[in-house]
There are 2 protein chains.
Amino acid sequence: MNIRPAVEEDRGAIWNIFHEVVAAGDTYAFDPQMSREDALGYWFRDDTHTYVAERDKTIAGTFILRANQGGAGSHVANAAFMVPAQARGRGIGRAMGEHCLSEARRLGFRAMQFNLVVSTNESEIHLWKQLGFMIAGTLSGAFRHPEKGYVDVYTMFRSLL
Amino acid sequence: MNIRPAVEEDRGAIWNIFHEVVAAGDTYAFDPQMSREDALGYWFRDDTHTYVAERDKTIAGTFILRANQGGAGSHVANAAFMVPAQARGRGIGRAMGEHCLSEARRLGFRAMQFNLVVSTNESEIHLWKQLGFMIAGTLSGAFRHPEKGYVDVYTMFRSLL
């Protein structure tokens, strides 16, 4: 697997992944009907580092890395990861997570924070714990799950020092 | 005191307050050098309800109210409050906080979340606790305070049901 910065030619593959993940509605707080233009605008925002994981010349995942806040909060990174359903269970998320932590350190961030980890997403929470994150906060009922109704959201955090 | 939606003519007064609060650098994670255009663009964003507190025909405070996340997280409100130094200690923050909770309920939000409460801001934390918020999470060293160095950030949360 090759993890590298995304280029213009990856936009189609990224949109396919983004749309599939967001339409499912069980992990991200985006409008499931979000347009291609808005989605790619968000994923390739000026302040954002965008990456893809490539396997057998296919884009098997994508993630973004940026400052979670401006000014006096800009030393804390934020990141978001997407793997399409048919590519899951093969370590792509873990490889992207490890690469992301390494990139965040290289860019000088002192910590990494996830603002919205849906509490029902057990495999994701398990992975982040294995990569050194802890649950730093619980937001009661802050996510409306398509099958499970209002479920808790976790904030997850780890130092990079 | 009269709390009302902000209008075009309030922009100058709001910018003065915003600039003073943000330049101090001890409560908000904005660039202290943020331009007037960027500041007012943020405070009057399309998805944002903007209010002012008026006393003796002077704008003595301002706050914003909006969804903290999109899609499946859009039932949780977010808000931000600013009172200039010379107007503090007179209950303006509390009056705005109460008005904000009332407006959030009227708009149908189910909860309210503050993403970044600087742990050294004791009067603010005290006020939010009195208004029913709890500390839902602690982000270690997530704010670089101009005098105190890296200090913790709290996420604060309350149900509106």
# chains A, B, ... in the order shown; residues from 1 in each chain; ligands from 1

call {"tool": "calpha_fit_and_write", "arguments": {"fixed": "chain A", "moving": "chain B", "output": "PDB file with C-alpha atoms, in the first residue's frame"}}
result
ATOM      1  CA  MET B   1       0.012   0.003  -0.018  1.00  0.00           C
ATOM      2  CA  ASN B   2       1.193   3.495  -0.898  1.00  0.00           C
ATOM      3  CA  ILE B   3      -0.022   6.493   1.106  1.00  0.00           C
ATOM      4  CA  ARG B   4       0.652   9.822  -0.587  1.00  0.00           C
ATOM      5  CA  PRO B   5      -0.677  13.380  -0.905  1.00  0.00           C
ATOM      6  CA  ALA B   6      -3.778  13.516  -3.095  1.00  0.00           C
ATOM      7  CA  VAL B   7      -3.503  15.069  -6.552  1.00  0.00           C
ATOM      8  CA  GLU B   8      -6.055  16.516  -8.944  1.00  0.00           C
ATOM      9  CA  GLU B   9      -6.572  13.133 -10.664  1.00  0.00           C
ATOM     10  CA  ASP B  10      -7.694  11.555  -7.370  1.00  0.00           C
ATOM     11  CA  ARG B  11     -10.767  13.754  -7.058  1.00  0.00           C
ATOM     12  CA  GLY B  12     -13.137  11.336  -8.790  1.00  0.00           C
ATOM     13  CA  ALA B  13     -12.088   8.395  -6.608  1.00  0.00           C
ATOM     14  CA  ILE B  14     -12.238  10.529  -3.461  1.00  0.00           C
ATOM     15  CA  TRP B  15     -15.730  11.735  -4.308  1.00  0.00           C
ATOM     16  CA  ASN B  16     -16.903   8.131  -4.799  1.00  0.00           C
ATOM     17  CA  ILE B  17     -15.571   7.184  -1.352  1.00  0.00           C
ATOM     18  CA  PHE B  18     -16.863  10.363   0.308  1.00  0.00           C
ATOM     19  CA  HIS B  19     -20.315   9.967  -1.155  1.00  0.00           C
ATOM     20  CA  GLU B  20     -20.593   6.306  -0.133  1.00  0.00           C
ATOM     21  CA  VAL B  21     -19.435   6.969   3.435  1.00  0.00           C
ATOM     22  CA  VAL B  22     -21.538  10.085   3.959  1.00  0.00           C
ATOM     23  CA  ALA B  23     -24.680   8.636   2.341  1.00  0.00           C
ATOM     24  CA  ALA B  24     -24.581   5.779   4.873  1.00  0.00           C
ATOM     25  CA  GLY B  25     -25.098   8.460   7.526  1.00  0.00           C
ATOM     26  CA  ASP B  26     -23.769   6.460  10.471  1.00  0.00           C
ATOM     27  CA  THR B  27     -20.306   7.993  11.008  1.00  0.00           C
ATOM     28  CA  TYR B  28     -20.154  11.607   9.763  1.00  0.00           C
ATOM     29  CA  ALA B  29     -22.233  14.693  10.533  1.00  0.00           C
ATOM     30  CA  PHE B  30     -22.457  15.836   6.925  1.00  0.00           C
ATOM     31  CA  ASP B  31     -25.628  16.213   4.932  1.00  0.00           C
ATOM     32  CA  PRO B  32     -25.958  12.788   3.175  1.00  0.00           C
ATOM     33  CA  GLN B  33     -27.023  14.720   0.058  1.00  0.00           C
ATOM     34  CA  MET B  34     -23.900  16.916   0.073  1.00  0.00           C
ATOM     35  CA  SER B  35     -22.893  17.805  -3.486  1.00  0.00           C
ATOM     36  CA  ARG B  36     -19.660  16.699  -5.135  1.00  0.00           C
ATOM     37  CA  GLU B  37     -18.519  20.324  -5.278  1.00  0.00           C
ATOM     38  CA  ASP B  38     -19.118  20.961  -1.581  1.00  0.00           C
ATOM     39  CA  ALA B  39     -17.583  17.622  -0.581  1.00  0.00           C
ATOM     40  CA  LEU B  40     -14.381  18.112  -2.574  1.00  0.00           C
ATOM     41  CA  GLY B  41     -14.246  21.759  -1.487  1.00  0.00           C
ATOM     42  CA  TYR B  42     -14.227  20.575   2.122  1.00  0.00           C
ATOM     43  CA  TRP B  43     -11.779  17.707   1.575  1.00  0.00           C
ATOM     44  CA  PHE B  44      -9.319  19.937  -0.388  1.00  0.00           C
ATOM     45  CA  ARG B  45      -9.781  23.103   1.669  1.00  0.00           C
ATOM     46  CA  ASP B  46      -6.850  25.537   1.534  1.00  0.00           C
ATOM     47  CA  ASP B  47      -5.838  24.827   5.131  1.00  0.00           C
ATOM     48  CA  THR B  48      -6.057  21.046   4.680  1.00  0.00           C
ATOM     49  CA  HIS B  49      -3.534  18.321   3.821  1.00  0.00           C
ATOM     50  CA  THR B  50      -5.285  15.637   1.767  1.00  0.00           C
ATOM     51  CA  TYR B  51      -3.952  12.091   1.346  1.00  0.00           C
ATOM     52  CA  VAL B  52      -4.949   8.873  -0.389  1.00  0.00           C
ATOM     53  CA  ALA B  53      -4.071   5.231   0.234  1.00  0.00           C
ATOM     54  CA  GLU B  54      -3.398   3.433  -3.037  1.00  0.00           C
ATOM     55  CA  ARG B  55      -3.354  -0.322  -3.511  1.00  0.00           C
ATOM     56  CA  ASP B  56      -3.050  -2.093  -6.885  1.00  0.00           C
ATOM     57  CA  LYS B  57      -3.479   1.311  -8.559  1.00  0.00           C
ATOM     58  CA  THR B  58      -6.869   1.757  -6.840  1.00  0.00           C
ATOM     59  CA  ILE B  59      -7.660   4.434  -4.236  1.00  0.00           C
ATOM     60  CA  ALA B  60      -8.630   2.369  -1.192  1.00  0.00           C
ATOM     61  CA  GLY B  61      -8.984   5.192   1.328  1.00  0.00           C
ATOM     62  CA  THR B  62      -8.478   8.888   1.937  1.00  0.00           C
ATOM     63  CA  PHE B  63      -7.828  11.155   4.902  1.00  0.00           C
ATOM     64  CA  ILE B  64      -7.347  14.819   5.708  1.00  0.00           C
ATOM     65  CA  LEU B  65      -5.158  16.547   8.285  1.00  0.00           C
ATOM     66  CA  ARG B  66      -5.383  20.145   9.445  1.00  0.00           C
ATOM     67  CA  ALA B  67      -5.372  22.393  12.499  1.00  0.00           C
ATOM     68  CA  ASN B  68      -8.464  21.817  14.634  1.00  0.00           C
ATOM     69  CA  GLN B  69      -8.654  25.488  15.632  1.00  0.00           C
ATOM     70  CA  GLY B  70      -6.958  28.743  14.647  1.00  0.00           C
ATOM     71  CA  GLY B  71      -4.715  31.053  16.653  1.00  0.00           C
ATOM     72  CA  ALA B  72      -3.968  29.765  20.147  1.00  0.00           C
ATOM     73  CA  GLY B  73      -5.461  26.353  19.320  1.00  0.00           C
ATOM     74  CA  SER B  74      -3.574  25.747  16.084  1.00  0.00           C
ATOM     75  CA  HIS B  75      -1.022  23.369  17.643  1.00  0.00           C
ATOM     76  CA  VAL B  76      -3.719  20.678  17.880  1.00  0.00           C
ATOM     77  CA  ALA B  77      -4.339  18.715  14.684  1.00  0.00           C
ATOM     78  CA  ASN B  78      -7.641  17.347  13.470  1.00  0.00           C
ATOM     79  CA  ALA B  79      -8.054  14.519  10.984  1.00  0.00           C
ATOM     80  CA  ALA B  80     -10.815  12.586   9.220  1.00  0.00           C
ATOM     81  CA  PHE B  81     -10.599   9.196   7.524  1.00  0.00           C
ATOM     82  CA  MET B  82     -12.710   7.382   4.964  1.00  0.00           C
ATOM     83  CA  VAL B  83     -12.459   3.804   3.677  1.00  0.00           C
ATOM     84  CA  PRO B  84     -15.146   2.424   1.327  1.00  0.00           C
ATOM     85  CA  ALA B  85     -17.090  -0.582   2.627  1.00  0.00           C
ATOM     86  CA  GLN B  86     -15.573  -3.103   0.238  1.00  0.00           C
ATOM     87  CA  ALA B  87     -12.016  -2.166   1.318  1.00  0.00           C
ATOM     88  CA  ARG B  88     -12.544  -2.464   5.089  1.00  0.00           C
ATOM     89  CA  GLY B  89     -10.933  -5.032   7.390  1.00  0.00           C
ATOM     90  CA  ARG B  90      -7.586  -4.953   5.571  1.00  0.00           C
ATOM     91  CA  GLY B  91      -5.654  -2.545   7.747  1.00  0.00           C
ATOM     92  CA  ILE B  92      -6.115   0.462   5.485  1.00  0.00           C
ATOM     93  CA  GLY B  93      -7.560   2.603   8.279  1.00  0.00           C
ATOM     94  CA  ARG B  94      -4.725   1.657  10.606  1.00  0.00           C
ATOM     95  CA  ALA B  95      -2.050   2.382   7.984  1.00  0.00           C
ATOM     96  CA  MET B  96      -3.628   5.760   7.248  1.00  0.00           C
ATOM     97  CA  GLY B  97      -3.895   6.517  10.975  1.00  0.00           C
ATOM     98  CA  GLU B  98      -0.219   5.776  11.538  1.00  0.00           C
ATOM     99  CA  HIS B  99       0.775   7.831   8.499  1.00  0.00           C
ATOM    100  CA  CYS B 100      -1.412  10.687   9.707  1.00  0.00           C
ATOM    101  CA  LEU B 101       0.219  10.722  13.148  1.00  0.00           C
ATOM    102  CA  SER B 102       3.634  10.753  11.521  1.00  0.00           C
ATOM    103  CA  GLU B 103       2.661  13.612   9.205  1.00  0.00           C
ATOM    104  CA  ALA B 104       1.150  15.580  12.087  1.00  0.00           C
ATOM    105  CA  ARG B 105       4.419  15.294  14.005  1.00  0.00           C
ATOM    106  CA  ARG B 106       6.407  16.298  10.931  1.00  0.00           C
ATOM    107  CA  LEU B 107       4.184  19.388  10.555  1.00  0.00           C
ATOM    108  CA  GLY B 108       4.869  20.348  14.176  1.00  0.00           C
ATOM    109  CA  PHE B 109       1.499  19.615  15.773  1.00  0.00           C
ATOM    110  CA  ARG B 110       1.630  18.868  19.514  1.00  0.00           C
ATOM    111  CA  ALA B 111      -1.568  16.818  19.769  1.00  0.00           C
ATOM    112  CA  MET B 112      -4.382  15.366  17.670  1.00  0.00           C
ATOM    113  CA  GLN B 113      -8.095  15.633  18.352  1.00  0.00           C
ATOM    114  CA  PHE B 114     -11.152  13.999  16.805  1.00  0.00           C
ATOM    115  CA  ASN B 115     -14.242  16.097  17.515  1.00  0.00           C
ATOM    116  CA  LEU B 116     -16.926  13.642  16.544  1.00  0.00           C
ATOM    117  CA  VAL B 117     -16.447   9.891  16.948  1.00  0.00           C
ATOM    118  CA  VAL B 118     -19.836   8.186  16.936  1.00  0.00           C
ATOM    119  CA  SER B 119     -20.013   5.906  19.982  1.00  0.00           C
ATOM    120  CA  THR B 120     -21.587   3.054  17.996  1.00  0.00           C
ATOM    121  CA  ASN B 121     -18.583   2.909  15.653  1.00  0.00           C
ATOM    122  CA  GLU B 122     -16.778   0.324  17.764  1.00  0.00           C
ATOM    123  CA  SER B 123     -14.128  -0.745  15.263  1.00  0.00           C
ATOM    124  CA  GLU B 124     -13.033   2.849  14.783  1.00  0.00           C
ATOM    125  CA  ILE B 125     -12.883   3.550  18.524  1.00  0.00           C
ATOM    126  CA  HIS B 126     -10.891   0.340  19.024  1.00  0.00           C
ATOM    127  CA  LEU B 127      -8.417   1.417  16.333  1.00  0.00           C
ATOM    128  CA  TRP B 128      -7.909   4.907  17.769  1.00  0.00           C
ATOM    129  CA  LYS B 129      -7.330   3.485  21.234  1.00  0.00           C
ATOM    130  CA  GLN B 130      -4.717   1.149  19.797  1.00  0.00           C
ATOM    131  CA  LEU B 131      -3.083   4.177  18.174  1.00  0.00           C
ATOM    132  CA  GLY B 132      -2.829   5.956  21.512  1.00  0.00           C
ATOM    133  CA  PHE B 133      -5.994   8.041  21.624  1.00  0.00           C
ATOM    134  CA  MET B 134      -8.185   8.294  24.677  1.00  0.00           C
ATOM    135  CA  ILE B 135     -11.811   9.298  25.013  1.00  0.00           C
ATOM    136  CA  ALA B 136     -11.512  12.879  26.287  1.00  0.00           C
ATOM    137  CA  GLY B 137     -15.212  13.676  26.376  1.00  0.00           C
ATOM    138  CA  THR B 138     -18.722  12.306  25.874  1.00  0.00           C
ATOM    139  CA  LEU B 139     -21.502  14.347  24.268  1.00  0.00           C
ATOM    140  CA  SER B 140     -24.806  12.839  25.211  1.00  0.00           C
ATOM    141  CA  GLY B 141     -27.059  12.008  22.244  1.00  0.00           C
ATOM    142  CA  ALA B 142     -25.140  14.352  19.944  1.00  0.00           C
ATOM    143  CA  PHE B 143     -25.489  12.130  16.842  1.00  0.00           C
ATOM    144  CA  ARG B 144     -28.713  10.976  15.197  1.00  0.00           C
ATOM    145  CA  HIS B 145     -27.927   7.472  13.962  1.00  0.00           C
ATOM    146  CA  PRO B 146     -30.087   6.284  11.034  1.00  0.00           C
ATOM    147  CA  GLU B 147     -31.040   3.034  12.816  1.00  0.00           C
ATOM    148  CA  LYS B 148     -30.171   3.558  16.478  1.00  0.00           C
ATOM    149  CA  GLY B 149     -31.580   7.045  17.015  1.00  0.00           C
ATOM    150  CA  TYR B 150     -29.749   9.576  19.210  1.00  0.00           C
ATOM    151  CA  VAL B 151     -26.414   8.111  20.286  1.00  0.00           C
ATOM    152  CA  ASP B 152     -23.445   9.553  22.155  1.00  0.00           C
ATOM    153  CA  VAL B 153     -20.461  11.179  20.495  1.00  0.00           C
ATOM    154  CA  TYR B 154     -16.908  10.920  21.799  1.00  0.00           C
ATOM    155  CA  THR B 155     -14.150  13.461  21.550  1.00  0.00           C
ATOM    156  CA  MET B 156     -10.862  11.568  21.236  1.00  0.00           C
ATOM    157  CA  PHE B 157      -7.422  13.054  21.871  1.00  0.00           C
ATOM    158  CA  ARG B 158      -3.765  12.158  22.056  1.00  0.00           C
ATOM    159  CA  SER B 159      -0.553  14.020  22.672  1.00  0.00           C
ATOM    160  CA  LEU B 160       2.128  13.890  19.977  1.00  0.00           C
ATOM    161  CA  LEU B 161       4.971  14.897  22.302  1.00  0.00           C
TER     162      LEU B 161
END

call {"tool": "select_by_dssp", "arguments": {"residues": "chain A", "states": "helix (DSSP H, G or I)", "output": "JSON, numbers by chain"}}
result
{"A": [8, 9, 10, 11, 12, 13, 14, 15, 16, 17, 18, 19, 20, 21, 22, 23, 24, 36, 37, 38, 39, 40, 41, 42, 43, 71, 72, 73, 85, 86, 87, 92, 93, 94, 95, 96, 97, 98, 99, 100, 101, 102, 103, 104, 105, 106, 122, 123, 124, 125, 126, 127, 128, 129, 130]}

call {"tool": "select_by_dssp", "arguments": {"residues": "chain A", "states": "strand (DSSP E or B)", "output": "PyMOL selection string"}}
result
chain A and resi 2-5+49-55+58-67+76-82+111-118+134-145+149-159

call {"tool": "decode", "arguments": {"residues": "range 45-58 of chain A", "atoms": "all heavy atoms", "output": "PDB file, in the first residue's frame"}}
result
ATOM      1  N   ARG A  45      -9.795  21.713   1.214  1.00  0.00           N
ATOM      2  CA  ARG A  45      -9.788  23.101   1.678  1.00  0.00           C
ATOM      3  C   ARG A  45      -8.359  23.620   1.755  1.00  0.00           C
ATOM      4  O   ARG A  45      -7.416  22.843   1.959  1.00  0.00           O
ATOM      5  CB  ARG A  45     -10.455  23.166   3.067  1.00  0.00           C
ATOM      6  CG  ARG A  45     -11.293  24.386   3.291  1.00  0.00           C
ATOM      7  CD  ARG A  45     -12.149  24.223   4.534  1.00  0.00           C
ATOM      8  NE  ARG A  45     -11.348  24.135   5.767  1.00  0.00           N
ATOM      9  CZ  ARG A  45     -11.871  23.927   6.984  1.00  0.00           C
ATOM     10  NH1 ARG A  45     -13.189  23.785   7.118  1.00  0.00           N
ATOM     11  NH2 ARG A  45     -11.106  23.868   8.046  1.00  0.00           N
ATOM     12  N   ASP A  46      -8.188  24.937   1.600  1.00  0.00           N
ATOM     13  CA  ASP A  46      -6.852  25.546   1.543  1.00  0.00           C
ATOM     14  C   ASP A  46      -5.987  25.202   2.751  1.00  0.00           C
ATOM     15  O   ASP A  46      -4.766  25.094   2.627  1.00  0.00           O
ATOM     16  CB  ASP A  46      -6.973  27.082   1.469  1.00  0.00           C
ATOM     17  CG  ASP A  46      -7.312  27.542   0.060  1.00  0.00           C
ATOM     18  OD1 ASP A  46      -7.267  26.707  -0.855  1.00  0.00           O
ATOM     19  OD2 ASP A  46      -7.645  28.726  -0.101  1.00  0.00           O
ATOM     20  N   ASP A  47      -6.613  25.060   3.913  1.00  0.00           N
ATOM     21  CA  ASP A  47      -5.844  24.823   5.137  1.00  0.00           C
ATOM     22  C   ASP A  47      -5.654  23.335   5.427  1.00  0.00           C
ATOM     23  O   ASP A  47      -5.229  22.969   6.523  1.00  0.00           O
ATOM     24  CB  ASP A  47      -6.542  25.491   6.331  1.00  0.00           C
ATOM     25  CG  ASP A  47      -7.914  24.876   6.614  1.00  0.00           C
ATOM     26  OD1 ASP A  47      -8.372  24.025   5.820  1.00  0.00           O
ATOM     27  OD2 ASP A  47      -8.513  25.235   7.641  1.00  0.00           O
ATOM     28  N   THR A  48      -5.967  22.482   4.445  1.00  0.00           N
ATOM     29  CA  THR A  48      -6.071  21.045   4.676  1.00  0.00           C
ATOM     30  C   THR A  48      -5.023  20.269   3.886  1.00  0.00           C
ATOM     31  O   THR A  48      -4.792  20.568   2.715  1.00  0.00           O
ATOM     32  CB  THR A  48      -7.495  20.584   4.272  1.00  0.00           C
ATOM     33  OG1 THR A  48      -8.441  21.255   5.111  1.00  0.00           O
ATOM     34  CG2 THR A  48      -7.670  19.083   4.385  1.00  0.00           C
ATOM     35  N   HIS A  49      -4.408  19.287   4.515  1.00  0.00           N
ATOM     36  CA  HIS A  49      -3.548  18.327   3.820  1.00  0.00           C
ATOM     37  C   HIS A  49      -4.404  17.100   3.494  1.00  0.00           C
ATOM     38  O   HIS A  49      -5.031  16.539   4.388  1.00  0.00           O
ATOM     39  CB  HIS A  49      -2.375  17.912   4.709  1.00  0.00           C
ATOM     40  CG  HIS A  49      -1.510  19.061   5.117  1.00  0.00           C
ATOM     41  ND1 HIS A  49      -0.365  19.420   4.441  1.00  0.00           N
ATOM     42  CD2 HIS A  49      -1.641  19.954   6.130  1.00  0.00           C
ATOM     43  CE1 HIS A  49       0.184  20.472   5.029  1.00  0.00           C
ATOM     44  NE2 HIS A  49      -0.568  20.818   6.055  1.00  0.00           N
ATOM     45  N   THR A  50      -4.401  16.709   2.236  1.00  0.00           N
ATOM     46  CA  THR A  50      -5.280  15.636   1.774  1.00  0.00           C
ATOM     47  C   THR A  50      -4.427  14.484   1.263  1.00  0.00           C
ATOM     48  O   THR A  50      -3.487  14.711   0.493  1.00  0.00           O
ATOM     49  CB  THR A  50      -6.204  16.150   0.648  1.00  0.00           C
ATOM     50  OG1 THR A  50      -6.819  17.364   1.073  1.00  0.00           O
ATOM     51  CG2 THR A  50      -7.264  15.124   0.287  1.00  0.00           C
ATOM     52  N   TYR A  51      -4.758  13.267   1.689  1.00  0.00           N
ATOM     53  CA  TYR A  51      -3.962  12.081   1.344  1.00  0.00           C
ATOM     54  C   TYR A  51      -4.859  10.985   0.797  1.00  0.00           C
ATOM     55  O   TYR A  51      -6.065  10.947   1.081  1.00  0.00           O
ATOM     56  CB  TYR A  51      -3.245  11.534   2.589  1.00  0.00           C
ATOM     57  CG  TYR A  51      -2.354  12.533   3.276  1.00  0.00           C
ATOM     58  CD1 TYR A  51      -2.873  13.437   4.199  1.00  0.00           C
ATOM     59  CD2 TYR A  51      -0.983  12.575   3.010  1.00  0.00           C
ATOM     60  CE1 TYR A  51      -2.052  14.366   4.834  1.00  0.00           C
ATOM     61  CE2 TYR A  51      -0.152  13.491   3.648  1.00  0.00           C
ATOM     62  CZ  TYR A  51      -0.704  14.389   4.560  1.00  0.00           C
ATOM     63  OH  TYR A  51       0.110  15.298   5.188  1.00  0.00           O
ATOM     64  N   VAL A  52      -4.244  10.071   0.043  1.00  0.00           N
ATOM     65  CA  VAL A  52      -4.945   8.860  -0.386  1.00  0.00           C
ATOM     66  C   VAL A  52      -4.074   7.644  -0.094  1.00  0.00           C
ATOM     67  O   VAL A  52      -2.838   7.744  -0.045  1.00  0.00           O
ATOM     68  CB  VAL A  52      -5.296   8.873  -1.903  1.00  0.00           C
ATOM     69  CG1 VAL A  52      -6.362   9.921  -2.211  1.00  0.00           C
ATOM     70  CG2 VAL A  52      -4.047   9.093  -2.749  1.00  0.00           C
ATOM     71  N   ALA A  53      -4.749   6.521   0.124  1.00  0.00           N
ATOM     72  CA  ALA A  53      -4.073   5.226   0.236  1.00  0.00           C
ATOM     73  C   ALA A  53      -4.359   4.464  -1.051  1.00  0.00           C
ATOM     74  O   ALA A  53      -5.515   4.290  -1.444  1.00  0.00           O
ATOM     75  CB  ALA A  53      -4.605   4.450   1.436  1.00  0.00           C
ATOM     76  N   GLU A  54      -3.290   4.043  -1.696  1.00  0.00           N
ATOM     77  CA  GLU A  54      -3.402   3.430  -3.012  1.00  0.00           C
ATOM     78  C   GLU A  54      -2.948   1.979  -2.899  1.00  0.00           C
ATOM     79  O   GLU A  54      -1.908   1.698  -2.286  1.00  0.00           O
ATOM     80  CB  GLU A  54      -2.467   4.187  -3.960  1.00  0.00           C
ATOM     81  CG  GLU A  54      -2.745   4.016  -5.414  1.00  0.00           C
ATOM     82  CD  GLU A  54      -1.890   5.014  -6.218  1.00  0.00           C
ATOM     83  OE1 GLU A  54      -0.793   5.383  -5.731  1.00  0.00           O
ATOM     84  OE2 GLU A  54      -2.306   5.398  -7.301  1.00  0.00           O
ATOM     85  N   ARG A  55      -3.741   1.084  -3.497  1.00  0.00           N
ATOM     86  CA  ARG A  55      -3.368  -0.340  -3.488  1.00  0.00           C
ATOM     87  C   ARG A  55      -3.745  -0.901  -4.858  1.00  0.00           C
ATOM     88  O   ARG A  55      -4.887  -0.715  -5.290  1.00  0.00           O
ATOM     89  CB  ARG A  55      -4.150  -1.038  -2.369  1.00  0.00           C
ATOM     90  CG  ARG A  55      -3.948  -2.508  -2.307  1.00  0.00           C
ATOM     91  CD  ARG A  55      -4.686  -3.102  -1.117  1.00  0.00           C
ATOM     92  NE  ARG A  55      -3.774  -3.448  -0.050  1.00  0.00           N
ATOM     93  CZ  ARG A  55      -4.137  -3.876   1.147  1.00  0.00           C
ATOM     94  NH1 ARG A  55      -5.414  -3.962   1.453  1.00  0.00           N
ATOM     95  NH2 ARG A  55      -3.245  -4.216   2.045  1.00  0.00           N
ATOM     96  N   ASP A  56      -2.829  -1.564  -5.501  1.00  0.00           N
ATOM     97  CA  ASP A  56      -3.062  -2.100  -6.857  1.00  0.00           C
ATOM     98  C   ASP A  56      -3.644  -1.019  -7.778  1.00  0.00           C
ATOM     99  O   ASP A  56      -4.623  -1.253  -8.497  1.00  0.00           O
ATOM    100  CB  ASP A  56      -4.023  -3.302  -6.804  1.00  0.00           C
ATOM    101  CG  ASP A  56      -3.529  -4.391  -5.877  1.00  0.00           C
ATOM    102  OD1 ASP A  56      -2.292  -4.497  -5.705  1.00  0.00           O
ATOM    103  OD2 ASP A  56      -4.367  -5.113  -5.306  1.00  0.00           O
ATOM    104  N   LYS A  57      -3.062   0.168  -7.707  1.00  0.00           N
ATOM    105  CA  LYS A  57      -3.477   1.307  -8.540  1.00  0.00           C
ATOM    106  C   LYS A  57      -4.928   1.744  -8.309  1.00  0.00           C
ATOM    107  O   LYS A  57      -5.524   2.441  -9.142  1.00  0.00           O
ATOM    108  CB  LYS A  57      -3.237   1.016 -10.028  1.00  0.00           C
ATOM    109  CG  LYS A  57      -1.790   0.634 -10.295  1.00  0.00           C
ATOM    110  CD  LYS A  57      -1.354   0.953 -11.698  1.00  0.00           C
ATOM    111  CE  LYS A  57       0.166   0.749 -11.812  1.00  0.00           C
ATOM    112  NZ  LYS A  57       0.669   0.858 -13.173  1.00  0.00           N
ATOM    113  N   THR A  58      -5.502   1.317  -7.172  1.00  0.00           N
ATOM    114  CA  THR A  58      -6.857   1.755  -6.821  1.00  0.00           C
ATOM    115  C   THR A  58      -6.789   2.568  -5.534  1.00  0.00           C
ATOM    116  O   THR A  58      -6.026   2.231  -4.627  1.00  0.00           O
ATOM    117  CB  THR A  58      -7.763   0.515  -6.583  1.00  0.00           C
ATOM    118  OG1 THR A  58      -7.806  -0.226  -7.798  1.00  0.00           O
ATOM    119  CG2 THR A  58      -9.168   0.918  -6.172  1.00  0.00           C
TER     120      THR A  58
END
